[in-house]
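> Got a structure for you, written out below as structure tokens; questions coming shortly.
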Amino acid sequence: MIKENIKMAVFDMAGTTIDEQKTVYRSVGEALAEFGFEYSLETIVHKIGGMNKREGIALLMRESGEAITEEAVEVVFRLFKKNVEAAYESACGLKEMKGATALFSYLKSNHIKVVLDTGYHRSTADLLIDKMGWEDQDLIDFSVTSDEVEEGRPQPHMIRLAMEALGVENPQTIMKVGDTQSDIDEGRNAGCGIIVGISSDQYSREQLLSMGATHAIDQLSEIIQILEAQ
């Protein structure tokens, strides 16, 4: 029997529900490199994983110690956005994380609202959601992107916007799922009752728990066990 106190599940996209081979972070690195800012893929993922990508690009540019204007950040961000959307349009290597559709169907059948929240901007998120076919299958109740709120992760504004849109009043009835520190911090800042970290080559289960997740998993299907635990 599923726990009846969970009313809404909020999922990150890249690395949590969508396997996009770190295309977003590779595209960040490529855009930065065009303007002389060199970072390894590992560093980019570690420093800005889960963040609003414009805010992340600004952070990386300013770490150089140079005086960086908002105009300069916007130029790099636009190049990043153009590159990542072109990569996603080709759909090369783009697929859902194992078990995502089955999990969403399970949640919907148990009257749990399914929400996607992301550090992407709206146009990029819509492209990915369309590629996955989740809206066509009526599996997503709401999605929110970091450009639609005052601040992205780790601030809780995206979760709070979803709560308002879907009429969920108590954050303790929300489960947040993600693969980065900023996902976990977002869930904690929102007061979510369950915060699930999904392991990757970046973070182990043990590291996710030490970062503040209430649960850590290797596969999305394990969420069903968490919800059905008595």
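Labeling convention for the structure tokens: chains A, B, ... as they appear, residues from 1 per chain, ligands from 1 in order of appearance.
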Contacts of Phe77 (chain A) at 8 Å or less, counting only C-alpha atoms, minus same-chain residues fewer than 6 places along, as a list in words?
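Contacts, with the query itself left out: Ala31, Lys53, Arg54 and Ile57 of chain A.
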> With C-alpha atoms retained, could you export that selection as a CSV table (one decimal), in the first residue's frame?

```
chain,number,residue,atom,x,y,z
A,31,ALA,CA,30.3,28.1,-25.1
A,53,LYS,CA,22.3,27.6,-16.6
A,54,ARG,CA,22.6,31.3,-17.1
A,57,ILE,CA,27.6,30.4,-16.6
```
> Within 12 Å of Asp183 (chain A), counting only C-alpha atoms, which residues qualify if same-chain residues fewer than 2 places away don't, as a ChimeraX atom specification?
/A:10-16,48-52,116-119,152-156,158-159,175-181,185-190,192,195-198,208,211-213
> Residues of the last selection are to be written out with C-alpha atoms, as a PDB file, in the first residue's frame.

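Dumped to again_2.pdb:
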```pdb
ATOM      1  CA  VAL A  10       8.941  16.752  -8.229  1.00  0.00           C
ATOM      2  CA  PHE A  11      11.631  15.424 -10.568  1.00  0.00           C
ATOM      3  CA  ASP A  12      14.742  17.010 -12.003  1.00  0.00           C
ATOM      4  CA  MET A  13      15.197  16.391 -15.724  1.00  0.00           C
ATOM      5  CA  ALA A  14      18.808  15.911 -16.970  1.00  0.00           C
ATOM      6  CA  GLY A  15      20.537  13.101 -15.120  1.00  0.00           C
ATOM      7  CA  THR A  16      17.407  12.149 -13.167  1.00  0.00           C
ATOM      8  CA  ILE A  48      26.761  24.209 -11.512  1.00  0.00           C
ATOM      9  CA  GLY A  49      24.920  20.862 -11.558  1.00  0.00           C
ATOM     10  CA  GLY A  50      21.178  21.503 -11.312  1.00  0.00           C
ATOM     11  CA  MET A  51      21.520  25.284 -11.341  1.00  0.00           C
ATOM     12  CA  ASN A  52      19.849  27.778 -13.646  1.00  0.00           C
ATOM     13  CA  LEU A 116       9.265  18.311 -13.667  1.00  0.00           C
ATOM     14  CA  ASP A 117      11.489  21.150 -12.466  1.00  0.00           C
ATOM     15  CA  THR A 118      14.754  22.078 -14.105  1.00  0.00           C
ATOM     16  CA  GLY A 119      17.649  24.473 -14.423  1.00  0.00           C
ATOM     17  CA  GLY A 152      16.474  28.795  -9.498  1.00  0.00           C
ATOM     18  CA  ARG A 153      17.911  26.081  -7.295  1.00  0.00           C
ATOM     19  CA  PRO A 154      18.869  25.802  -4.520  1.00  0.00           C
ATOM     20  CA  GLN A 155      16.069  28.260  -3.752  1.00  0.00           C
ATOM     21  CA  PRO A 156      12.642  26.593  -3.406  1.00  0.00           C
ATOM     22  CA  MET A 158      10.138  26.291  -8.526  1.00  0.00           C
ATOM     23  CA  ILE A 159       8.627  23.827  -6.065  1.00  0.00           C
ATOM     24  CA  MET A 175       8.759  14.093  -2.699  1.00  0.00           C
ATOM     25  CA  LYS A 176      11.692  15.761  -4.471  1.00  0.00           C
ATOM     26  CA  VAL A 177      13.981  13.643  -6.698  1.00  0.00           C
ATOM     27  CA  GLY A 178      17.302  14.752  -8.198  1.00  0.00           C
ATOM     28  CA  ASP A 179      20.947  13.917  -8.774  1.00  0.00           C
ATOM     29  CA  THR A 180      22.801  17.031  -7.558  1.00  0.00           C
ATOM     30  CA  GLN A 181      23.509  18.980  -4.386  1.00  0.00           C
ATOM     31  CA  ASP A 185      19.129  21.710  -1.163  1.00  0.00           C
ATOM     32  CA  GLU A 186      16.050  22.796  -3.122  1.00  0.00           C
ATOM     33  CA  GLY A 187      14.037  20.003  -1.514  1.00  0.00           C
ATOM     34  CA  ARG A 188      15.313  20.880   1.936  1.00  0.00           C
ATOM     35  CA  ASN A 189      14.664  24.598   1.459  1.00  0.00           C
ATOM     36  CA  ALA A 190      11.118  23.830   0.319  1.00  0.00           C
ATOM     37  CA  CYS A 192       9.777  18.460   1.299  1.00  0.00           C
ATOM     38  CA  ILE A 195      14.142  14.005  -0.688  1.00  0.00           C
ATOM     39  CA  VAL A 196      15.544  11.310  -2.961  1.00  0.00           C
ATOM     40  CA  GLY A 197      19.030  11.466  -4.441  1.00  0.00           C
ATOM     41  CA  ILE A 198      19.727   9.280  -7.479  1.00  0.00           C
ATOM     42  CA  LEU A 208      23.879  11.881  -1.546  1.00  0.00           C
ATOM     43  CA  MET A 211      24.474  15.908   1.358  1.00  0.00           C
ATOM     44  CA  GLY A 212      21.047  15.806   3.002  1.00  0.00           C
ATOM     45  CA  ALA A 213      18.907  13.382   0.992  1.00  0.00           C
TER      46      ALA A 213
END
```
> Considering only C-alpha atoms, return as a list in words whatever protein or nucleic-acid residues lie within 12 Å of Ala58 (chain A), sequence-local ones (same chain, fewer than 5 positions apart) excluded.
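These residues fall inside the cut-off: Val28, Ala31, Leu32, Phe37, Lys47, Ile48, Met51, Asn52, Lys53, Glu63, Ser64, Gly65, Glu66, Ala67, Ile68, Thr69, Glu70, Glu71, Ala72, Val73, Glu74, Val75, Val76 and Phe77 of chain A.
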> Can you write just those residues out, N, CA, C and O atoms, as an mmCIF file, in the first residue's frame?

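Dumped everything to part-v7.cif:
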```cif
data_model
loop_
_atom_site.group_PDB
_atom_site.id
_atom_site.type_symbol
_atom_site.label_atom_id
_atom_site.label_comp_id
_atom_site.auth_asym_id
_atom_site.auth_seq_id
_atom_site.Cartn_x
_atom_site.Cartn_y
_atom_site.Cartn_z
ATOM 1 N N VAL A 28 27.757 23.923 -22.156
ATOM 2 C CA VAL A 28 28.242 25.028 -21.322
ATOM 3 C C VAL A 28 29.742 25.209 -21.532
ATOM 4 O O VAL A 28 30.241 26.323 -21.753
ATOM 5 N N ALA A 31 30.610 26.690 -24.983
ATOM 6 C CA ALA A 31 30.306 28.122 -25.086
ATOM 7 C C ALA A 31 31.321 28.957 -24.314
ATOM 8 O O ALA A 31 31.788 29.997 -24.793
ATOM 9 N N LEU A 32 31.666 28.507 -23.122
ATOM 10 C CA LEU A 32 32.674 29.224 -22.332
ATOM 11 C C LEU A 32 34.027 29.233 -23.041
ATOM 12 O O LEU A 32 34.718 30.266 -23.072
ATOM 13 N N PHE A 37 37.238 30.833 -21.566
ATOM 14 C CA PHE A 37 37.060 30.300 -20.212
ATOM 15 C C PHE A 37 37.116 28.769 -20.293
ATOM 16 O O PHE A 37 36.191 28.138 -20.804
ATOM 17 N N LYS A 47 30.304 22.175 -10.184
ATOM 18 C CA LYS A 47 30.053 23.543 -9.732
ATOM 19 C C LYS A 47 28.645 24.038 -10.028
ATOM 20 O O LYS A 47 28.083 24.810 -9.239
ATOM 21 N N ILE A 48 28.058 23.620 -11.145
ATOM 22 C CA ILE A 48 26.761 24.209 -11.512
ATOM 23 C C ILE A 48 25.683 23.161 -11.766
ATOM 24 O O ILE A 48 24.636 23.473 -12.321
ATOM 25 N N MET A 51 21.790 23.856 -11.431
ATOM 26 C CA MET A 51 21.520 25.284 -11.341
ATOM 27 C C MET A 51 20.841 25.815 -12.598
ATOM 28 O O MET A 51 20.900 25.204 -13.666
ATOM 29 N N ASN A 52 20.227 26.988 -12.486
ATOM 30 C CA ASN A 52 19.849 27.778 -13.646
ATOM 31 C C ASN A 52 21.110 27.963 -14.492
ATOM 32 O O ASN A 52 22.155 28.375 -13.985
ATOM 33 N N LYS A 53 21.034 27.627 -15.760
ATOM 34 C CA LYS A 53 22.256 27.582 -16.570
ATOM 35 C C LYS A 53 22.839 28.972 -16.829
ATOM 36 O O LYS A 53 24.053 29.130 -16.938
ATOM 37 N N GLU A 63 34.480 33.461 -11.834
ATOM 38 C CA GLU A 63 35.556 32.801 -11.100
ATOM 39 C C GLU A 63 36.923 33.106 -11.702
ATOM 40 O O GLU A 63 37.948 32.896 -11.059
ATOM 41 N N SER A 64 36.936 33.614 -12.926
ATOM 42 C CA SER A 64 38.201 33.951 -13.581
ATOM 43 C C SER A 64 38.872 35.162 -12.942
ATOM 44 O O SER A 64 40.055 35.403 -13.151
ATOM 45 N N GLY A 65 38.091 35.917 -12.166
ATOM 46 C CA GLY A 65 38.632 37.127 -11.551
ATOM 47 C C GLY A 65 38.484 38.352 -12.424
ATOM 48 O O GLY A 65 38.777 39.475 -11.999
ATOM 49 N N GLU A 66 38.039 38.166 -13.644
ATOM 50 C CA GLU A 66 37.830 39.298 -14.536
ATOM 51 C C GLU A 66 36.530 40.023 -14.185
ATOM 52 O O GLU A 66 35.637 39.456 -13.559
ATOM 53 N N ALA A 67 36.445 41.278 -14.596
ATOM 54 C CA ALA A 67 35.209 42.043 -14.426
ATOM 55 C C ALA A 67 34.256 41.635 -15.546
ATOM 56 O O ALA A 67 34.488 41.947 -16.722
ATOM 57 N N ILE A 68 33.217 40.896 -15.192
ATOM 58 C CA ILE A 68 32.288 40.339 -16.179
ATOM 59 C C ILE A 68 30.967 41.079 -16.121
ATOM 60 O O ILE A 68 30.335 41.172 -15.059
ATOM 61 N N THR A 69 30.531 41.606 -17.242
ATOM 62 C CA THR A 69 29.261 42.326 -17.299
ATOM 63 C C THR A 69 28.103 41.356 -17.569
ATOM 64 O O THR A 69 28.311 40.245 -18.057
ATOM 65 N N GLU A 70 26.901 41.817 -17.281
ATOM 66 C CA GLU A 70 25.717 41.019 -17.588
ATOM 67 C C GLU A 70 25.585 40.812 -19.095
ATOM 68 O O GLU A 70 25.110 39.764 -19.543
ATOM 69 N N GLU A 71 26.015 41.792 -19.862
ATOM 70 C CA GLU A 71 25.962 41.675 -21.320
ATOM 71 C C GLU A 71 26.864 40.543 -21.809
ATOM 72 O O GLU A 71 26.492 39.777 -22.710
ATOM 73 N N ALA A 72 28.051 40.416 -21.195
ATOM 74 C CA ALA A 72 28.972 39.349 -21.583
ATOM 75 C C ALA A 72 28.403 37.978 -21.220
ATOM 76 O O ALA A 72 28.514 37.018 -21.992
ATOM 77 N N VAL A 73 27.792 37.903 -20.047
ATOM 78 C CA VAL A 73 27.153 36.648 -19.635
ATOM 79 C C VAL A 73 26.063 36.265 -20.630
ATOM 80 O O VAL A 73 25.947 35.106 -21.032
ATOM 81 N N GLU A 74 25.278 37.249 -21.052
ATOM 82 C CA GLU A 74 24.174 36.975 -21.967
ATOM 83 C C GLU A 74 24.678 36.452 -23.313
ATOM 84 O O GLU A 74 24.072 35.545 -23.902
ATOM 85 N N VAL A 75 25.795 36.993 -23.790
ATOM 86 C CA VAL A 75 26.360 36.526 -25.058
ATOM 87 C C VAL A 75 26.751 35.054 -24.963
ATOM 88 O O VAL A 75 26.437 34.249 -25.851
ATOM 89 N N VAL A 76 27.434 34.674 -23.874
ATOM 90 C CA VAL A 76 27.853 33.281 -23.694
ATOM 91 C C VAL A 76 26.636 32.385 -23.510
ATOM 92 O O VAL A 76 26.560 31.286 -24.073
ATOM 93 N N PHE A 77 25.668 32.858 -22.723
ATOM 94 C CA PHE A 77 24.471 32.057 -22.482
ATOM 95 C C PHE A 77 23.711 31.794 -23.781
ATOM 96 O O PHE A 77 23.241 30.680 -24.023
#
```
> How close does each residue of region 73-149 of chain A get to region 22-26 of chain A, giving the shortest atom pair and distance in Å to one decimal for every residue with an atom at most 12 Å away, counting only C-alpha atoms, sorted by chain and residue number, as JSON lines?

```
{"residue": "A:Phe77", "atom": "CA", "partner": "A:Val24", "partner_atom": "CA", "distance": 11.8}
{"residue": "A:Phe80", "atom": "CA", "partner": "A:Val24", "partner_atom": "CA", "distance": 8.4}
{"residue": "A:Lys81", "atom": "CA", "partner": "A:Val24", "partner_atom": "CA", "distance": 8.9}
{"residue": "A:Lys82", "atom": "CA", "partner": "A:Val24", "partner_atom": "CA", "distance": 11.0}
{"residue": "A:Asn83", "atom": "CA", "partner": "A:Val24", "partner_atom": "CA", "distance": 8.9}
{"residue": "A:Val84", "atom": "CA", "partner": "A:Val24", "partner_atom": "CA", "distance": 5.9}
{"residue": "A:Glu85", "atom": "CA", "partner": "A:Val24", "partner_atom": "CA", "distance": 9.0}
{"residue": "A:Ala86", "atom": "CA", "partner": "A:Thr23", "partner_atom": "CA", "distance": 10.6}
{"residue": "A:Ala87", "atom": "CA", "partner": "A:Thr23", "partner_atom": "CA", "distance": 7.5}
{"residue": "A:Tyr88", "atom": "CA", "partner": "A:Thr23", "partner_atom": "CA", "distance": 8.2}
{"residue": "A:Glu89", "atom": "CA", "partner": "A:Thr23", "partner_atom": "CA", "distance": 11.8}
{"residue": "A:Ser90", "atom": "CA", "partner": "A:Thr23", "partner_atom": "CA", "distance": 11.7}
{"residue": "A:Ala91", "atom": "CA", "partner": "A:Thr23", "partner_atom": "CA", "distance": 10.6}
{"residue": "A:Cys92", "atom": "CA", "partner": "A:Thr23", "partner_atom": "CA", "distance": 9.9}
{"residue": "A:Gly93", "atom": "CA", "partner": "A:Thr23", "partner_atom": "CA", "distance": 9.4}
{"residue": "A:Leu94", "atom": "CA", "partner": "A:Thr23", "partner_atom": "CA", "distance": 9.1}
{"residue": "A:Lys95", "atom": "CA", "partner": "A:Lys22", "partner_atom": "CA", "distance": 12.0}
{"residue": "A:Thr118", "atom": "CA", "partner": "A:Val24", "partner_atom": "CA", "distance": 11.9}
{"residue": "A:Gly119", "atom": "CA", "partner": "A:Val24", "partner_atom": "CA", "distance": 10.3}
{"residue": "A:Tyr120", "atom": "CA", "partner": "A:Val24", "partner_atom": "CA", "distance": 9.0}
{"residue": "A:His121", "atom": "CA", "partner": "A:Val24", "partner_atom": "CA", "distance": 11.7}
{"residue": "A:Thr124", "atom": "CA", "partner": "A:Val24", "partner_atom": "CA", "distance": 10.1}
{"residue": "A:Ala125", "atom": "CA", "partner": "A:Val24", "partner_atom": "CA", "distance": 11.4}
{"residue": "A:Leu128", "atom": "CA", "partner": "A:Val24", "partner_atom": "CA", "distance": 11.6}
```
> CA of Asp126 (chain A) to CA of Asp147 (chain A): how many Å, to one decimal?
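Atom-to-atom, CA of Asp126 (chain A) and CA of Asp147 (chain A) are spaced 12.8 Å apart.
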> Rounded to one decimal in Å, what is the spacing between CA of Asp201 (chain A) and CA of Ile18 (chain A)?
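Separation between CA of Asp201 (chain A) and CA of Ile18 (chain A): 15.0 Å.
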> Running DSSP on the backbone, which parts of region 115-222 of chain A land in strand (DSSP E or B), as a list in words?
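The strand (DSSP E or B) residues within region 115-222 of chain A come out as Val115, Leu116, Asp117, Thr118, Phe142, Ser143, Val144, Thr145, Ile174, Met175, Lys176, Val177, Gly178, Ile194, Ile195, Val196, Gly197, Ile198, His215, Ala216 and Ile217 of chain A.
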